[in-house]
Amino acid sequence: MEDSTLIAALLEPLTYPLDPSKRIFWGCCFSSLLLASFAVAYRTGRLDIRGQAAALFNPKYWFNSSTATDISLLITNTSIRLLILVPIIGSHLWFTLYVGRFWQSTLGDAPDLSMPFWLIATSYTLCFFVIEDLSRFLLHRMMHRSRFLWHFHQVHHRATVLTPLTLFRVHPAEQLLYFIRQTCVFGLVSGTFIWIFGRHLSTWDILGVDALGFLFNAAGANLRHSHVWLSFGYLEKWLISPAQHQLHHSKHHGHKNYGVILAIWDRLSGTNILADKYCQLDFGLEESSRSNYQRATNFKELISNYRYNLKRKLNLSVPSE
Ligand SMILES: [Zn+2]
Ligand SMILES: [Zn+2]
């Protein structure tokens with residue numbers, strides 16, 4: 001391996017603040033700061049800019065062993081992704097082309113759907129958004145419910161100080177699963193759309209910025225890993241707020257709210273808790289749960305749990321517990 005490749009991989013995280021597809025893009029950090037200021041002023045009933053600045057620049061918040069682990073995992077994982085995963089598994093594009101060719105060889109030409117470009121682009125964005133969000137929820141929930149996967153995911157939950165960099169605090173094995181999930185979802189959705197609308201949709205359109213993902217990042221997603229309590233109130237029935245993800249990291253709230261953007265997956269599986277009342281949280285893991293996981297389960301049990309909650313939501317008859 002050339003030294004320049006290694007150095008480029010090590011320096012890659014420094015480019016994230018300039019990359020609009022990253023959550024810590026400077027524009028998204030700025031909008032998160034504004035939202036944080038508003039949320040704190042609303043909760044305390046006064047706008048104390050000096051106090052807020054002092055909290056933001058408090059050295060104890062940025063220079064501590066928890067944040068040091070976040071940063072070292074960020075550098076390690078970026079290097080593994082760029083030096084090992086991308087060269088071996090490749091970019092998302094090969095799987096996209098494979099899926100498109102698979103549909104073509106199996107089903108032949110797609111039906112000719114004459115739709116205006118804006119409708120194709122909107123359908124693609126919505127499909128990708130929903131399937132991406134659902135797959136992230138399922139993988140995250142599995143991480144909590146499997147003894148084997150919890151072993152890796154607990155690294156993220158050991159953070160005792162939450163900063164936007166805690167997003168990158170994941171075990172390399174979790175990063176590998178995330179990478180495979182991302183490749184599958186992107187390939188399945190994009191490959192199917194290219195098969196159906198290939199003549200109207202270029203690869204460039206498919207590779208465009210994930211518009212709804214960018215909106216989510218711009219709407220204060222950085223506050224999910226922070227100590228600023230931002231609740232969405234009634235909207236939390238539909239969208240996961242930063243405060244709800246903080247409850248997920250709390251030592252004392254049973255690791256609910258597995259979702260990333262949509263709250264419906266948690267509601268269907270009965271793992272949704274609202275952040276309607278402000279509470280001071282203790283982040284990290286209880287000593288007893290460090291080697292523990294929520295509850296061992298198998299796939300059959302997971303499916304029956306979903307069916308039970310779905311029936312309950314639809315007011316169908318369910319056996320009493
Ligand atoms: Zn988790
Ligand atoms: Zn988290």
# chains A, B, ... in the order shown; residues from 1 in each chain; ligands from 1

$ residues_near_ligand --ligand "ligand 1" --cutoff "9 Å" --atoms "only C-alpha atoms and all ligand atoms" --output "mmCIF file with N, CA and C atoms, in the first residue's frame"
data_model
loop_
_atom_site.group_PDB
_atom_site.id
_atom_site.type_symbol
_atom_site.label_atom_id
_atom_site.label_comp_id
_atom_site.auth_asym_id
_atom_site.auth_seq_id
_atom_site.Cartn_x
_atom_site.Cartn_y
_atom_site.Cartn_z
ATOM 1 N N HIS A 140 -30.512 -1.893 13.747
ATOM 2 C CA HIS A 140 -30.258 -1.350 15.083
ATOM 3 C C HIS A 140 -30.966 -2.202 16.154
ATOM 4 N N ARG A 141 -32.203 -2.577 15.860
ATOM 5 C CA ARG A 141 -32.955 -3.367 16.842
ATOM 6 C C ARG A 141 -32.311 -4.742 17.027
ATOM 7 N N MET A 143 -29.241 -5.374 16.742
ATOM 8 C CA MET A 143 -28.006 -5.158 17.518
ATOM 9 C C MET A 143 -28.275 -5.203 19.020
ATOM 10 N N HIS A 144 -29.490 -4.771 19.401
ATOM 11 C CA HIS A 144 -29.826 -4.763 20.827
ATOM 12 C C HIS A 144 -30.370 -6.097 21.302
ATOM 13 N N TRP A 150 -24.926 -7.432 20.151
ATOM 14 C CA TRP A 150 -24.840 -6.446 21.235
ATOM 15 C C TRP A 150 -23.387 -6.256 21.684
ATOM 16 N N HIS A 153 -22.338 -3.563 19.393
ATOM 17 C CA HIS A 153 -23.078 -2.295 19.453
ATOM 18 C C HIS A 153 -22.895 -1.582 20.789
ATOM 19 N N GLN A 154 -22.555 -2.326 21.841
ATOM 20 C CA GLN A 154 -22.402 -1.677 23.147
ATOM 21 C C GLN A 154 -21.264 -0.652 23.137
ATOM 22 N N HIS A 156 -20.933 1.714 21.032
ATOM 23 C CA HIS A 156 -21.610 2.999 20.809
ATOM 24 C C HIS A 156 -22.271 3.479 22.103
ATOM 25 N N HIS A 157 -22.798 2.527 22.872
ATOM 26 C CA HIS A 157 -23.536 2.900 24.081
ATOM 27 C C HIS A 157 -22.644 3.149 25.288
ATOM 28 N N HIS A 245 -33.564 10.141 20.888
ATOM 29 C CA HIS A 245 -32.345 9.329 20.740
ATOM 30 C C HIS A 245 -31.494 9.418 22.013
ATOM 31 N N HIS A 248 -32.586 6.928 24.203
ATOM 32 C CA HIS A 248 -32.045 5.631 23.777
ATOM 33 C C HIS A 248 -30.671 5.391 24.419
ATOM 34 N N HIS A 249 -29.922 6.489 24.644
ATOM 35 C CA HIS A 249 -28.589 6.372 25.248
ATOM 36 C C HIS A 249 -28.628 6.433 26.771
ATOM 37 N N HIS A 255 -33.224 1.552 26.704
ATOM 38 C CA HIS A 255 -32.796 1.530 25.295
ATOM 39 C C HIS A 255 -33.956 1.400 24.314
ATOM 40 N N LYS A 256 -34.948 2.298 24.427
ATOM 41 C CA LYS A 256 -36.057 2.313 23.453
ATOM 42 C C LYS A 256 -35.657 3.231 22.286
ATOM 43 N N ASN A 257 -36.598 3.499 21.394
ATOM 44 C CA ASN A 257 -36.409 4.411 20.247
ATOM 45 C C ASN A 257 -35.211 3.999 19.374
ATOM 46 N N TYR A 258 -35.395 2.909 18.643
ATOM 47 C CA TYR A 258 -34.318 2.437 17.765
ATOM 48 C C TYR A 258 -34.286 3.177 16.429
#

$ select_by_dssp --residues "range 116-227 of chain A" --states "alpha helix (DSSP H)" --output "PyMOL selection string"
chain A and resi 117-145+147-157+172-197+203-206+211-218

$ write_last_selection --atoms "C-alpha atoms" --output "PDB file, in the first residue's frame"
ATOM      1  CA  PHE A 117     -39.186  13.165 -14.665  1.00  0.00           C
ATOM      2  CA  TRP A 118     -40.206  15.002 -11.472  1.00  0.00           C
ATOM      3  CA  LEU A 119     -42.577  12.148 -10.564  1.00  0.00           C
ATOM      4  CA  ILE A 120     -39.890   9.501 -11.171  1.00  0.00           C
ATOM      5  CA  ALA A 121     -37.375  11.457  -9.073  1.00  0.00           C
ATOM      6  CA  THR A 122     -39.917  11.996  -6.253  1.00  0.00           C
ATOM      7  CA  SER A 123     -40.920   8.283  -6.236  1.00  0.00           C
ATOM      8  CA  TYR A 124     -37.255   7.254  -6.141  1.00  0.00           C
ATOM      9  CA  THR A 125     -36.482   9.656  -3.278  1.00  0.00           C
ATOM     10  CA  LEU A 126     -39.478   8.463  -1.220  1.00  0.00           C
ATOM     11  CA  CYS A 127     -38.862   4.742  -1.859  1.00  0.00           C
ATOM     12  CA  PHE A 128     -35.207   5.036  -0.985  1.00  0.00           C
ATOM     13  CA  PHE A 129     -35.978   7.096   2.119  1.00  0.00           C
ATOM     14  CA  VAL A 130     -38.558   4.644   3.540  1.00  0.00           C
ATOM     15  CA  ILE A 131     -36.569   1.446   2.808  1.00  0.00           C
ATOM     16  CA  GLU A 132     -33.317   2.994   4.046  1.00  0.00           C
ATOM     17  CA  ASP A 133     -34.961   4.129   7.290  1.00  0.00           C
ATOM     18  CA  LEU A 134     -36.669   0.757   7.866  1.00  0.00           C
ATOM     19  CA  SER A 135     -33.438  -1.189   7.252  1.00  0.00           C
ATOM     20  CA  ARG A 136     -31.527   1.027   9.702  1.00  0.00           C
ATOM     21  CA  PHE A 137     -34.223   0.486  12.322  1.00  0.00           C
ATOM     22  CA  LEU A 138     -34.196  -3.320  11.843  1.00  0.00           C
ATOM     23  CA  LEU A 139     -30.414  -3.584  12.001  1.00  0.00           C
ATOM     24  CA  HIS A 140     -30.258  -1.350  15.083  1.00  0.00           C
ATOM     25  CA  ARG A 141     -32.955  -3.367  16.842  1.00  0.00           C
ATOM     26  CA  MET A 142     -31.193  -6.613  16.029  1.00  0.00           C
ATOM     27  CA  MET A 143     -28.006  -5.158  17.518  1.00  0.00           C
ATOM     28  CA  HIS A 144     -29.826  -4.763  20.827  1.00  0.00           C
ATOM     29  CA  ARG A 145     -31.600  -8.076  20.798  1.00  0.00           C
ATOM     30  CA  ARG A 147     -26.221 -11.328  22.336  1.00  0.00           C
ATOM     31  CA  PHE A 148     -23.613 -11.620  19.586  1.00  0.00           C
ATOM     32  CA  LEU A 149     -24.414  -8.262  17.924  1.00  0.00           C
ATOM     33  CA  TRP A 150     -24.840  -6.446  21.235  1.00  0.00           C
ATOM     34  CA  HIS A 151     -21.223  -7.263  21.943  1.00  0.00           C
ATOM     35  CA  PHE A 152     -20.298  -4.871  19.091  1.00  0.00           C
ATOM     36  CA  HIS A 153     -23.078  -2.295  19.453  1.00  0.00           C
ATOM     37  CA  GLN A 154     -22.402  -1.677  23.147  1.00  0.00           C
ATOM     38  CA  VAL A 155     -19.267   0.219  22.054  1.00  0.00           C
ATOM     39  CA  HIS A 156     -21.610   2.999  20.809  1.00  0.00           C
ATOM     40  CA  HIS A 157     -23.536   2.900  24.081  1.00  0.00           C
ATOM     41  CA  PRO A 172     -15.550  -1.925  13.042  1.00  0.00           C
ATOM     42  CA  ALA A 173     -17.788  -5.038  12.858  1.00  0.00           C
ATOM     43  CA  GLU A 174     -20.871  -2.801  13.143  1.00  0.00           C
ATOM     44  CA  GLN A 175     -19.459  -0.600  10.417  1.00  0.00           C
ATOM     45  CA  LEU A 176     -19.109  -3.677   8.178  1.00  0.00           C
ATOM     46  CA  LEU A 177     -22.771  -4.622   8.751  1.00  0.00           C
ATOM     47  CA  TYR A 178     -23.806  -1.019   8.100  1.00  0.00           C
ATOM     48  CA  PHE A 179     -21.786  -0.981   4.863  1.00  0.00           C
ATOM     49  CA  ILE A 180     -23.391  -4.233   3.633  1.00  0.00           C
ATOM     50  CA  ARG A 181     -26.878  -2.984   4.563  1.00  0.00           C
ATOM     51  CA  GLN A 182     -26.265   0.298   2.733  1.00  0.00           C
ATOM     52  CA  THR A 183     -24.963  -1.480  -0.385  1.00  0.00           C
ATOM     53  CA  CYS A 184     -27.997  -3.820  -0.459  1.00  0.00           C
ATOM     54  CA  VAL A 185     -30.613  -1.093   0.045  1.00  0.00           C
ATOM     55  CA  PHE A 186     -29.031   1.317  -2.424  1.00  0.00           C
ATOM     56  CA  GLY A 187     -28.524  -1.441  -5.011  1.00  0.00           C
ATOM     57  CA  LEU A 188     -32.041  -2.860  -4.688  1.00  0.00           C
ATOM     58  CA  VAL A 189     -33.847   0.480  -4.928  1.00  0.00           C
ATOM     59  CA  SER A 190     -31.579   2.104  -7.522  1.00  0.00           C
ATOM     60  CA  GLY A 191     -31.209  -1.056  -9.634  1.00  0.00           C
ATOM     61  CA  THR A 192     -34.987  -1.504  -9.760  1.00  0.00           C
ATOM     62  CA  PHE A 193     -35.552   2.125 -10.742  1.00  0.00           C
ATOM     63  CA  ILE A 194     -32.854   1.956 -13.415  1.00  0.00           C
ATOM     64  CA  TRP A 195     -34.525  -1.195 -14.830  1.00  0.00           C
ATOM     65  CA  ILE A 196     -37.950   0.497 -14.936  1.00  0.00           C
ATOM     66  CA  PHE A 197     -36.962   4.037 -15.910  1.00  0.00           C
ATOM     67  CA  THR A 203     -26.876   6.997 -13.278  1.00  0.00           C
ATOM     68  CA  TRP A 204     -26.062  10.561 -12.377  1.00  0.00           C
ATOM     69  CA  ASP A 205     -29.668  11.200 -11.243  1.00  0.00           C
ATOM     70  CA  ILE A 206     -29.539   8.074  -9.050  1.00  0.00           C
ATOM     71  CA  ALA A 211     -32.531  15.021  -0.532  1.00  0.00           C
ATOM     72  CA  LEU A 212     -34.581  13.838   2.458  1.00  0.00           C
ATOM     73  CA  GLY A 213     -31.453  12.640   4.265  1.00  0.00           C
ATOM     74  CA  PHE A 214     -29.947  16.107   3.829  1.00  0.00           C
ATOM     75  CA  LEU A 215     -33.120  17.723   5.193  1.00  0.00           C
ATOM     76  CA  PHE A 216     -32.940  15.421   8.241  1.00  0.00           C
ATOM     77  CA  ASN A 217     -29.295  16.379   8.833  1.00  0.00           C
ATOM     78  CA  ALA A 218     -30.106  20.072   8.428  1.00  0.00           C
TER      79      ALA A 218
END

$ closest_residue --among "A:Gln104, A:Ser146, A:Thr160, A:Gln280" --to "ligand 2" --atoms "only C-alpha atoms and all ligand atoms"
A:Thr160

$ residues_around --residues "Ala39 in chain A" --least-positions-apart "4" --cutoff "12 Å" --atoms "only C-alpha atoms" --output "ChimeraX atom specification"
/A:32-35,43-48,52,220,223,227-232,242-243,278

$ atom_distance --atom1 "CA of Ser250 in chain A" --atom2 "CA of Thr271 in chain A"
14.4 Å

$ closest_residue --among "A:Asn272, A:Glu236, A:Gly254, A:Thr163" --to "ligand 2" --atoms "only C-alpha atoms and all ligand atoms"
A:Thr163

$ closest_residue --among "A:Lys277, A:Leu239, A:Leu165, A:Gly198" --to "ligand 2" --atoms "only C-alpha atoms and all ligand atoms"
A:Leu165

$ closest_residue --among "A:Asp70, A:Glu286, A:Asp276, A:Asp109" --to "ligand 2" --atoms "only C-alpha atoms and all ligand atoms"
A:Asp70

$ closest_residue --among "A:Leu83, A:Ser66, A:Arg50, A:Gly284" --to "Ser4 in chain A" --atoms "only C-alpha atoms"
A:Leu83

$ atom_distance --atom1 "CA of Ile75 in chain A" --atom2 "CA of Leu10 in chain A"
6.1 Å

$ closest_residue --among "A:Val170, A:Ala36, A:Leu74, A:Leu97" --to "ligand 2" --atoms "only C-alpha atoms and all ligand atoms"
A:Val170

$ residues_around --residues "range 15-17 of chain A" --least-positions-apart "3" --cutoff "12 Å" --atoms "only C-alpha atoms" --output "list in words"
Ala8, Ala9, Leu10, Leu11, Glu12, Pro20, Ser21, Lys22, Arg23, Ile24, Phe25, Trp26, Gly27, Cys28, Cys29, Phe30, Leu74, Ile75, Thr78, Pro164, Leu165 and Phe168 of chain A

$ write_last_selection --atoms "C-alpha atoms" --output "short mmCIF file (atom, residue, chain, number, x, y, z; two decimals), in the first residue's frame"
data_model
loop_
_atom_site.label_atom_id
_atom_site.label_comp_id
_atom_site.auth_asym_id
_atom_site.auth_seq_id
_atom_site.Cartn_x
_atom_site.Cartn_y
_atom_site.Cartn_z
CA ALA A 8 -5.34 10.23 2.44
CA ALA A 9 -7.46 7.70 4.39
CA LEU A 10 -6.28 9.07 7.75
CA LEU A 11 -7.05 12.64 6.66
CA GLU A 12 -10.45 11.79 5.13
CA PRO A 20 -22.92 18.04 2.23
CA SER A 21 -23.71 14.30 2.42
CA LYS A 22 -22.19 14.06 5.92
CA ARG A 23 -24.09 14.89 9.08
CA ILE A 24 -21.21 17.02 10.40
CA PHE A 25 -21.22 19.20 7.21
CA TRP A 26 -20.62 22.77 8.41
CA GLY A 27 -24.06 23.93 7.23
CA CYS A 28 -25.80 21.19 9.23
CA CYS A 29 -23.63 21.96 12.29
CA PHE A 30 -24.61 25.63 12.00
CA LEU A 74 -13.80 7.66 13.54
CA ILE A 75 -10.23 7.54 12.20
CA THR A 78 -12.66 5.57 7.94
CA PRO A 164 -21.96 14.91 17.26
CA LEU A 165 -18.78 12.81 16.89
CA PHE A 168 -18.91 7.65 14.43
#
